[in-house]
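Heads up: the structure comes next, in structure tokens.
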Amino acid sequence: MVIVGAHVSIAGSIDKAVERAQALGCDTFQIFTRNPRGWRYKELSEEVAEEFKRKVKSSGMISPVDHMPYLPNLASPREETYRKSIDALAVELDRCSILGISHLVTHLGSHLGAGKEVGFERITEAVRNAFSRVENDVMLLLETTADTKNSMGGSFQDLRQIMDVVDREDRLGVCLDTCHVFAAGYELRTKMGLRETMDLFDQIIGLDRLRLVHLNDSRGGLGSRLDRHQHIGLGEIGEAGFGLILADPEIRRRPLILETPVGETRDVRGNIRVVRELAGEGLR
């Protein structure tokens, strides 16, 4: 069986995310532990953290995933933003541990025109710095990107370079986003294309480092470099493409998190239903 979930809101209290995920029929879920559009945050109280962990345990769901806020840019050449970004990463690693969350997903950011080598230096130093400040068992997952202008992480080689320099196999893994890799030019819609993409991932990064899949269709075509998510089967990857993706044994055994559009055409529950159908499963 596939393990499928979605990104859910923490509005009201972080433990309410568990109930929202259950109501959607999720096997797991992803959250922001704080406001993703600001630098400020509230400390997690012991009471709130314990209630969150209690609800996750009683739900029977697989351990949830945390996602870094939007503002941090680990590749930024701007000192103030860079310093705040490192602080945010360290704080989020700590918050994951407090909440009993084992994986934290991060975007790699943009070098803002300073060049990829500068971007690599900034990212690797930021991750090393955060790891040195927060030594725990939380694994940081580098998310593949759509290779938009000045962005980092648009190729498997980008991720490999960062992982080699940081050299923390115990704390560094990968989150593969289907929309992003497709937009970056990796074919997913044919048996041969999907096999070549997964083989390339294995050769460059290693499938043992793949810990999570963000399952999203793409509004942009192959190699478009357009980071625009679409409902499962309704974008350029399409139902046939997702049928192949969900039949891949390496993808099927990873947790799948949906980040599909909100309030358009189909709701989250509908996208979960389509995923289960394309994976050859009925509704649970």
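If you're wondering about the labels, chains in the structure tokens are A, B, ... by order shown, residues count from 1 in each chain, ligands from 1 in order shown.
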So which bits of segment 12-167 of chain A end up helix (DSSP H, G or I) when you DSSP the backbone, as a CSV table (one decimal) with N, CA and C atoms, in the first residue's frame?
chain,number,residue,atom,x,y,z
A,16,LYS,N,-4.0,20.5,16.2
A,16,LYS,CA,-5.2,20.4,15.3
A,16,LYS,C,-4.9,19.8,13.9
A,17,ALA,N,-3.6,19.9,13.5
A,17,ALA,CA,-3.1,19.4,12.3
A,17,ALA,C,-3.4,17.9,12.2
A,18,VAL,N,-3.2,17.2,13.3
A,18,VAL,CA,-3.4,15.8,13.3
A,18,VAL,C,-4.9,15.4,12.9
A,19,GLU,N,-5.8,16.1,13.6
A,19,GLU,CA,-7.2,15.9,13.3
A,19,GLU,C,-7.6,16.2,11.8
A,20,ARG,N,-7.0,17.3,11.3
A,20,ARG,CA,-7.3,17.7,9.9
A,20,ARG,C,-6.7,16.6,9.0
A,21,ALA,N,-5.6,16.1,9.3
A,21,ALA,CA,-5.0,15.0,8.4
A,21,ALA,C,-5.9,13.8,8.5
A,22,GLN,N,-6.4,13.4,9.7
A,22,GLN,CA,-7.2,12.3,9.8
A,22,GLN,C,-8.5,12.4,9.0
A,23,ALA,N,-9.1,13.6,9.1
A,23,ALA,CA,-10.3,13.9,8.4
A,23,ALA,C,-10.2,13.8,6.8
A,46,GLU,N,5.6,22.9,26.4
A,46,GLU,CA,5.7,21.4,26.6
A,46,GLU,C,4.3,20.8,26.5
A,47,GLU,N,3.3,21.6,26.9
A,47,GLU,CA,1.9,21.1,26.9
A,47,GLU,C,1.4,20.8,25.4
A,48,VAL,N,1.7,21.8,24.6
A,48,VAL,CA,1.3,21.7,23.2
A,48,VAL,C,2.1,20.6,22.5
A,49,ALA,N,3.4,20.5,22.7
A,49,ALA,CA,4.2,19.5,22.1
A,49,ALA,C,3.7,18.1,22.5
A,50,GLU,N,3.4,17.9,23.8
A,50,GLU,CA,3.0,16.6,24.3
A,50,GLU,C,1.6,16.2,23.7
A,51,GLU,N,0.7,17.2,23.5
A,51,GLU,CA,-0.6,16.9,23.0
A,51,GLU,C,-0.4,16.6,21.5
A,52,PHE,N,0.5,17.2,20.8
A,52,PHE,CA,0.7,16.9,19.4
A,52,PHE,C,1.2,15.5,19.2
A,53,LYS,N,2.2,15.1,20.0
A,53,LYS,CA,2.8,13.8,20.0
A,53,LYS,C,1.7,12.7,20.4
A,54,ARG,N,0.9,13.0,21.4
A,54,ARG,CA,-0.1,12.1,21.8
A,54,ARG,C,-1.1,11.8,20.7
A,55,LYS,N,-1.5,12.9,20.0
A,55,LYS,CA,-2.5,12.7,18.9
A,55,LYS,C,-1.9,12.0,17.7
A,56,VAL,N,-0.7,12.2,17.4
A,56,VAL,CA,0.0,11.5,16.3
A,56,VAL,C,0.0,10.0,16.6
A,57,LYS,N,0.4,9.7,17.9
A,57,LYS,CA,0.6,8.3,18.3
A,57,LYS,C,-0.8,7.6,18.2
A,58,SER,N,-1.8,8.2,18.7
A,58,SER,CA,-3.1,7.6,18.8
A,58,SER,C,-3.8,7.5,17.4
A,59,SER,N,-3.4,8.4,16.5
A,59,SER,CA,-3.9,8.3,15.1
A,59,SER,C,-3.5,7.1,14.3
A,79,GLU,N,23.9,39.3,3.8
A,79,GLU,CA,24.3,38.9,5.1
A,79,GLU,C,23.2,38.8,6.1
A,80,GLU,N,22.3,39.8,6.2
A,80,GLU,CA,21.2,39.7,7.2
A,80,GLU,C,20.3,38.6,6.9
A,81,THR,N,19.9,38.4,5.6
A,81,THR,CA,19.0,37.3,5.3
A,81,THR,C,19.6,36.0,5.6
A,82,TYR,N,20.9,35.9,5.2
A,82,TYR,CA,21.7,34.6,5.4
A,82,TYR,C,21.7,34.3,6.9
A,83,ARG,N,22.0,35.2,7.7
A,83,ARG,CA,22.1,35.0,9.2
A,83,ARG,C,20.8,34.5,9.7
A,84,LYS,N,19.7,35.2,9.3
A,84,LYS,CA,18.4,34.8,9.8
A,84,LYS,C,18.0,33.5,9.3
A,85,SER,N,18.4,33.1,8.1
A,85,SER,CA,18.1,31.8,7.5
A,85,SER,C,18.8,30.7,8.3
A,86,ILE,N,20.0,30.9,8.6
A,86,ILE,CA,20.7,29.9,9.4
A,86,ILE,C,20.0,29.7,10.8
A,87,ASP,N,19.7,30.8,11.4
A,87,ASP,CA,19.0,30.8,12.7
A,87,ASP,C,17.7,30.0,12.6
A,88,ALA,N,16.9,30.3,11.5
A,88,ALA,CA,15.7,29.6,11.3
A,88,ALA,C,15.8,28.1,11.1
A,89,LEU,N,16.9,27.7,10.4
A,89,LEU,CA,17.1,26.3,10.2
A,89,LEU,C,17.4,25.6,11.5
A,90,ALA,N,18.3,26.2,12.3
A,90,ALA,CA,18.6,25.7,13.6
A,90,ALA,C,17.4,25.6,14.5
A,91,VAL,N,16.6,26.6,14.5
A,91,VAL,CA,15.4,26.6,15.3
A,91,VAL,C,14.4,25.5,14.9
A,92,GLU,N,14.3,25.4,13.6
A,92,GLU,CA,13.3,24.4,13.0
A,92,GLU,C,13.8,22.9,13.3
A,93,LEU,N,15.1,22.7,13.3
A,93,LEU,CA,15.6,21.4,13.6
A,93,LEU,C,15.3,21.1,15.1
A,94,ASP,N,15.4,22.1,15.9
A,94,ASP,CA,15.1,21.9,17.3
A,94,ASP,C,13.6,21.7,17.6
A,95,ARG,N,12.8,22.4,16.9
A,95,ARG,CA,11.3,22.3,17.0
A,95,ARG,C,10.9,20.9,16.5
A,96,CYS,N,11.5,20.4,15.5
A,96,CYS,CA,11.1,19.0,15.1
A,96,CYS,C,11.4,18.0,16.2
A,97,SER,N,12.5,18.1,16.8
A,97,SER,CA,12.9,17.2,17.9
A,97,SER,C,11.9,17.3,19.1
A,98,ILE,N,11.5,18.5,19.4
A,98,ILE,CA,10.5,18.7,20.5
A,98,ILE,C,9.2,18.1,20.1
A,99,LEU,N,8.8,18.1,18.9
A,99,LEU,CA,7.5,17.6,18.4
A,99,LEU,C,7.6,16.1,18.0
A,116,LYS,N,26.3,30.1,-8.9
A,116,LYS,CA,26.0,28.8,-8.2
A,116,LYS,C,27.1,28.5,-7.3
A,117,GLU,N,28.4,28.8,-7.6
A,117,GLU,CA,29.4,28.4,-6.6
A,117,GLU,C,29.3,29.1,-5.3
A,118,VAL,N,28.9,30.4,-5.4
A,118,VAL,CA,28.6,31.2,-4.2
A,118,VAL,C,27.4,30.5,-3.4
A,119,GLY,N,26.4,30.1,-4.2
A,119,GLY,CA,25.3,29.5,-3.6
A,119,GLY,C,25.6,28.2,-2.9
A,120,PHE,N,26.5,27.3,-3.5
A,120,PHE,CA,26.9,26.1,-2.9
A,120,PHE,C,27.7,26.4,-1.6
A,121,GLU,N,28.5,27.3,-1.6
A,121,GLU,CA,29.3,27.7,-0.4
A,121,GLU,C,28.4,28.1,0.7
A,122,ARG,N,27.4,29.0,0.4
A,122,ARG,CA,26.5,29.5,1.4
A,122,ARG,C,25.6,28.3,2.0
A,123,ILE,N,25.1,27.5,1.1
A,123,ILE,CA,24.2,26.4,1.6
A,123,ILE,C,25.0,25.4,2.5
A,124,THR,N,26.1,25.0,2.0
A,124,THR,CA,26.9,24.0,2.8
A,124,THR,C,27.3,24.6,4.1
A,125,GLU,N,27.7,25.8,4.2
A,125,GLU,CA,28.1,26.4,5.4
A,125,GLU,C,26.9,26.6,6.3
A,126,ALA,N,25.8,27.0,5.8
A,126,ALA,CA,24.6,27.1,6.6
A,126,ALA,C,24.1,25.8,7.2
A,127,VAL,N,24.2,24.7,6.5
A,127,VAL,CA,23.7,23.4,7.0
A,127,VAL,C,24.7,23.0,8.0
A,128,ARG,N,26.0,23.1,7.8
A,128,ARG,CA,27.0,22.7,8.8
A,128,ARG,C,26.8,23.5,10.1
A,129,ASN,N,26.6,24.8,9.9
A,129,ASN,CA,26.4,25.7,11.1
A,129,ASN,C,25.2,25.2,11.9
A,130,ALA,N,24.1,25.0,11.2
A,130,ALA,CA,22.9,24.6,11.9
A,130,ALA,C,23.1,23.2,12.6
A,131,PHE,N,23.7,22.3,11.9
A,131,PHE,CA,24.0,21.0,12.5
A,131,PHE,C,24.9,21.1,13.8
A,132,SER,N,25.8,22.0,13.7
A,132,SER,CA,26.7,22.1,14.9
A,132,SER,C,26.0,22.7,16.1
A,133,ARG,N,25.0,23.5,15.8
A,133,ARG,CA,24.3,24.2,16.9
A,133,ARG,C,23.2,23.3,17.4
A,156,PHE,N,20.2,16.8,-10.0
A,156,PHE,CA,20.7,15.8,-9.0
A,156,PHE,C,22.1,16.1,-8.6
A,157,GLN,N,22.9,16.5,-9.6
A,157,GLN,CA,24.3,16.8,-9.3
A,157,GLN,C,24.4,18.0,-8.3
A,158,ASP,N,23.5,18.9,-8.3
A,158,ASP,CA,23.5,20.0,-7.3
A,158,ASP,C,23.4,19.4,-5.9
A,159,LEU,N,22.4,18.5,-5.7
A,159,LEU,CA,22.2,17.9,-4.4
A,159,LEU,C,23.4,17.1,-4.0
A,160,ARG,N,24.0,16.4,-4.9
A,160,ARG,CA,25.1,15.5,-4.6
A,160,ARG,C,26.3,16.4,-4.1
A,161,GLN,N,26.5,17.5,-4.8
A,161,GLN,CA,27.6,18.4,-4.4
A,161,GLN,C,27.5,18.9,-3.0
A,162,ILE,N,26.3,19.3,-2.6
A,162,ILE,CA,26.0,19.8,-1.3
A,162,ILE,C,26.2,18.6,-0.3
A,163,MET,N,25.7,17.5,-0.6
A,163,MET,CA,25.7,16.3,0.4
A,163,MET,C,27.2,15.9,0.6
A,164,ASP,N,28.0,15.9,-0.5
A,164,ASP,CA,29.4,15.5,-0.4
A,164,ASP,C,30.2,16.5,0.6
A,165,VAL,N,29.9,17.8,0.4
A,165,VAL,CA,30.6,18.8,1.2
A,165,VAL,C,30.2,18.7,2.7
A,166,VAL,N,28.9,18.7,2.9
A,166,VAL,CA,28.4,18.6,4.3
A,166,VAL,C,28.8,17.3,5.0
**Report entry** segment 28-147 of chain A: residues DSSP assigns to strand (DSSP E or B), reported as a PyMOL selection string
**Finding:** chain A and resi 28-31+65-67+103-106+110+139-143
Residues from last step as file, C-alpha atoms, as a compact mmCIF listing (two decimals), in the first residue's frame:
# COMPACT_ATOMS: atom_id res chain seq x y z
CA THR A 28 0.91 10.86 7.14
CA PHE A 29 1.04 14.64 6.76
CA GLN A 30 3.28 17.67 6.44
CA ILE A 31 3.12 20.95 8.38
CA VAL A 65 7.08 15.84 8.21
CA ASP A 66 7.98 19.47 8.85
CA HIS A 67 8.70 22.01 6.11
CA HIS A 103 12.30 14.79 8.94
CA LEU A 104 12.55 18.47 7.96
CA VAL A 105 12.22 19.51 4.30
CA THR A 106 14.06 22.59 3.07
CA SER A 110 18.45 31.35 -4.67
CA MET A 139 17.13 14.39 9.16
CA LEU A 140 17.22 17.42 6.86
CA LEU A 141 15.79 16.70 3.42
CA LEU A 142 17.06 18.77 0.49
CA GLU A 143 14.15 19.34 -1.88
Report summary line: One residue among A:Val174, A:Val2, A:Leu234, A:Val262 is nearest to Gly206 of chain A when using only C-alpha atoms, and that residue is A:Val174
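Atom CA of Asn216 of chain A to atom CA of Glu239 of chain A spans 11.5 Å [interatomic distance, one decimal].
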